[in-house]
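Enquirer: The structure's right below; bear with me while I get my questions together.
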Amino acid sequence: MITSLVEGVRPRTLIGLLVLLMLLLGAPFVAGDYLLTVLILFLYFAYVGQAWNIMMGFAGQLSLGHALYVGLGAYTAAALFVHFGVGPWLGLLAAVPIAAAAGAFVGFLAFRFRIAGVYFAILTIAVAEFARIGFEHLTWTGATAGLFLPVAQYAHNDLWNLRGHPVMFYYVLLGATALAFIACRAMLQSRVGYFWLAIREDEQAARAVGIDTFRYKMIAVMISAGMAAFAGVIYAFYYNNLFPEQVFNISQSILIVLAPFVGGLGTLFGPILGAFVLEMVAESMRVLLQWLGVDLPGTNQLFFGVVLLLVVIALPEGVWPWLRGRIGMEQKP
Amino acid sequence: MSILLRISAVSKRFRGLVAVDRVSLDVPEHSIFAVIGPNGAGKTTLFNIIAGAFPPDAGTVIFAGQRIDGLSSDQICRRGVGRTFQIVRPFPALSVEDNVLVGALLHRSPTAARAHSHEILRRLDLYARRAQRASELTLPDRKRLELARALATDPKLLLLDEVMAGLRPSEADRLVETLKELNRERGLTILLVEHVMRAVMALATHLLVMHHGATIAEGSPDEVVRNQRVIDSYLGAEAIA
């Protein structure tokens with residue numbers, strides 16, 4: 001099992017990954033509260049970007065509505081906790097299937113009726129918007145007034161109920177990001193991964209070699225949605241409040257897309273690197289502006305926009321495909 | 001010899017145009033069956049009906065004893081029919097090896113599929129190029145890659161849509177040799193739609209000529225090219241001179 005995980009990985013790449021993991025494991029010991037918050041955001045977007053990348057980067061299906069799956073995960077786990085005292089890990093057992101079912105619904109509508117490309121992207125936006133409006137009227141989850149998790153001071157971290165210090169959330173997200181990375185690599189090395197790439201490259205040719213494209217696209221959207229739901233659960237328990245207007249907002253879906261796009265679509269390391277670049281650039285710019293005495297709202301979005309533009313112009317395949325060639329981590333032929 | 005593919009009175013119209021008009025043909029097992037005819041004769045439409053790109057309006061297609069008309073193209077491939085495209089469509093961003101691997105994975109585990117792809121790549125002289133991106137290949141190599149990918153799915157019947165088009169005579173001859181070998185050594189049945197008469201005459205054991213959607217002649221290649229209707233409508237007198 002372990003040997004098959006690292007099979008075909010260059011020693012250099014493996015060492016690089018281990019060093020990175022060590023750095024990330026040690027980061028909370030040196031980072032202050034503020035930097036820790038930034039790192040949590042980085043891991044959150046790395047993880048959820050990895051989930052999104054399965055659909056777009058691997059199977060070639062552009063989803064611009066991933067806030068739907070994150071939001072469903074968040075609301076399911078939070079509502080179960082608030083109303084029935086069900087902890088987040090048990091809540092996952094409901095949150096993941098619900099999000100996967102929503103993914104299956106979107107996928108079935110689109111793939112059954114051959115809605116593809118831009119029209120598929122619009123459908124994903126539409127369903128997410130539909131969910132937003134629905135949750136704004138759902139009083140059981142607080143409607144527009146929001147759903148709040150009880151907040152108290154905790155003497156110690158309660159991992160079982162995800163109540164405690166941000167450091168705990170940091171490590172949970174780090175674990176999730178690492179697991180998602182490994183899971184995505186395993187999928188890419190298996191039959192399903194190759195079939196996804198074939199569908200992404202040329203769907204008609206994929207059918208001609210016997211691939212049931214409907215089935216494999218459904219698998220992609222359901223896994224991607226289910227993984228995104230876990231990010232939603234963390235989101236709910238980290239922020240302790242949920243508003244449909246925020247959670248299901250299209251800007252959330254766009255933020256999810258940015259990291260893999262900047263890092264490199266379809267690459268395993270792209271979402272992680274992209275999230276890092278975006279968070280670090282945005283934060284250093286914010287610090288710089290603060291130092292200059294400028295205080296403008298919305299600067300993050302502005303910098304995200306600038307980074308995105310630069311990547312589109314200079315590195316259309318993303319930062320990672322360019323970087324890995326420079327540091328000798330080109331994939332083995 | 002048993003019949004691997006039987007097409008009975010298949011018709012297809014596109015709005016007013018009758019593209020294929022009650023065409024019937026029997027492809028014996030282990031044969032190389034060529035369908036020729038002028039542009040617009042309905043060859044590619046017939047080809048697409050067999051491959052499952054669209055269903056026929058009337059008639060039946062029976063492959064290995066079972067009806068396949070109306071099945072989707074992936075189902076037909078899983079039954080054992082491999083195809084190439086007239087305008088090649090490899091998976092451009094994937095390596096040559098991975099292109100073939102995708103086909104091999106249809107009936108094999110990843111490890112067995114890789115070994116099988118290597119074997120096919122060697123046979124089609126693509127092994128040295130296996131790490132290249134498919135988009136970097138020249139046209140002749142891309143055509144071989146299409147063939148390799150189709151072969152990797154273990155077809156009993158291989159459908160080739162103008163696989164010789166755009167190849168130089170020497171390249172076409174090489175491909176003819178490869179196809180003959182596959183037919184001889186593995187008993188692979190081949191149905192090809194082709195314009196290059198030189199390749200057709202070198203390959204085909206059976207020949208069918210279509211014109212305006214209908215069959216005008218059928219038989220062994222030597223018989224068919226001497227058929228007066230075929231000469232008038234397609235070949236022209238100088239072709240057999």
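By order of appearance in the structure tokens: chains A, B, ..., then residues from 1 within every chain, and ligands from 1 in the order shown.
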Excluding stretch 305-315 of chain A and residues on its chain fewer than 4 positions from it, collect all residues at most 7 Å away from it, counting only C-alpha atoms, and give them as a PyMOL selection string.
Expert: chain A and resi 262+301+319
Enquirer: Which residues are near A:Thr37? Cut-off 12 Å, only C-alpha atoms, ignore same chain within fewer than 5 positions. Put them as a count of residues only.
Expert: 18
Enquirer: Please, which residues of chain B lie no more than 6 Å from chain A when the count uses only C-alpha atoms, and can they be set out as a ChimeraX atom specification?
Expert: /B:73-74,77-78,91,102-103,131
Enquirer: Filtering to N, CA and C atoms, could you give me those residues as a compact mmCIF listing (two decimals), in the first residue's frame?
Expert:
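Listing of selection-v5.txt after writing:
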```txt
# COMPACT_ATOMS: atom_id res chain seq x y z
N SER B 73 -21.77 4.44 -28.74
CA SER B 73 -20.46 4.07 -29.28
C SER B 73 -19.59 3.38 -28.24
N ASP B 74 -19.73 3.77 -26.96
CA ASP B 74 -18.90 3.09 -25.95
C ASP B 74 -19.35 1.65 -25.72
N CYS B 77 -17.99 -0.38 -28.56
CA CYS B 77 -16.56 -0.66 -28.38
C CYS B 77 -16.35 -1.78 -27.37
N ARG B 78 -17.13 -1.77 -26.29
CA ARG B 78 -16.96 -2.82 -25.28
C ARG B 78 -17.39 -4.19 -25.80
N PHE B 91 -5.77 11.98 -27.71
CA PHE B 91 -5.92 12.83 -26.52
C PHE B 91 -4.68 13.71 -26.48
N VAL B 102 -5.12 4.21 -22.08
CA VAL B 102 -6.55 4.44 -21.87
C VAL B 102 -7.38 3.34 -22.53
N GLY B 103 -6.97 3.00 -23.77
CA GLY B 103 -7.67 1.92 -24.46
C GLY B 103 -7.46 0.57 -23.78
N ALA B 131 6.97 8.72 -24.71
CA ALA B 131 6.91 9.76 -23.69
C ALA B 131 6.49 11.12 -24.26
```
Enquirer: Fewer than 3 positions away in the same chain doesn't count, so skip those; otherwise give me all residues within 7 Å of B:Glu29, counting only C-alpha atoms, as a PDB file with C-alpha atoms, in the first residue's frame.
Expert:
```
ATOM      1  CA  MET B   1     -16.426 -18.892 -42.716  1.00  0.00           C
ATOM      2  CA  SER B   2     -18.761 -17.380 -40.140  1.00  0.00           C
ATOM      3  CA  ILE B   3     -20.092 -13.866 -40.458  1.00  0.00           C
ATOM      4  CA  LEU B   4     -18.765 -11.438 -37.831  1.00  0.00           C
ATOM      5  CA  THR B 189     -11.236  -8.681 -38.920  1.00  0.00           C
TER       6      THR B 189
END
```
Enquirer: Go ahead and compute the interatomic distance for atom CA of A:Ile182 and atom CA of B:Pro110, in Å to one decimal.
Expert: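 One can read the atom CA of A:Ile182 to atom CA of B:Pro110 distance as 17.8 Å.
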Enquirer: What's the 8 Å shell around stretch 158-163 of chain B, counting only C-alpha atoms, without same-chain residues fewer than 3 positions away, as a list in words?
Expert: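 The residues that qualify are Thr44, Phe47, Ala51, Val81, Gly82, Arg83, Thr84, Phe85, Gln86, Lys143, Ala150, Leu151, Pro155, Leu188, Thr189, Ile190, Leu191, Leu192, Val193, Glu194 and His195 of chain B.
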Enquirer: Report, in Å to a single decimal, how far apart atom CA of A:Phe304 and atom CA of A:Gly16 are.
Expert: 26.9 Å
Enquirer: May I have all residues of stretch 22-95 of chain B that DSSP, computed from the backbone, assigns to strand (DSSP E), given as a list of chain:residue names?
Expert: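 Filtering stretch 22-95 of chain B down to strand (DSSP E) leaves B:Arg22, B:Val23, B:Ser24, B:Leu25, B:Asp26, B:Val27, B:Pro28, B:Ile32, B:Phe33, B:Ala34, B:Val35, B:Ile36, B:Ala58, B:Gly59, B:Thr60, B:Val61, B:Ile62, B:Phe63, B:Gln66, B:Arg67, B:Val81, B:Gly82, B:Arg83.
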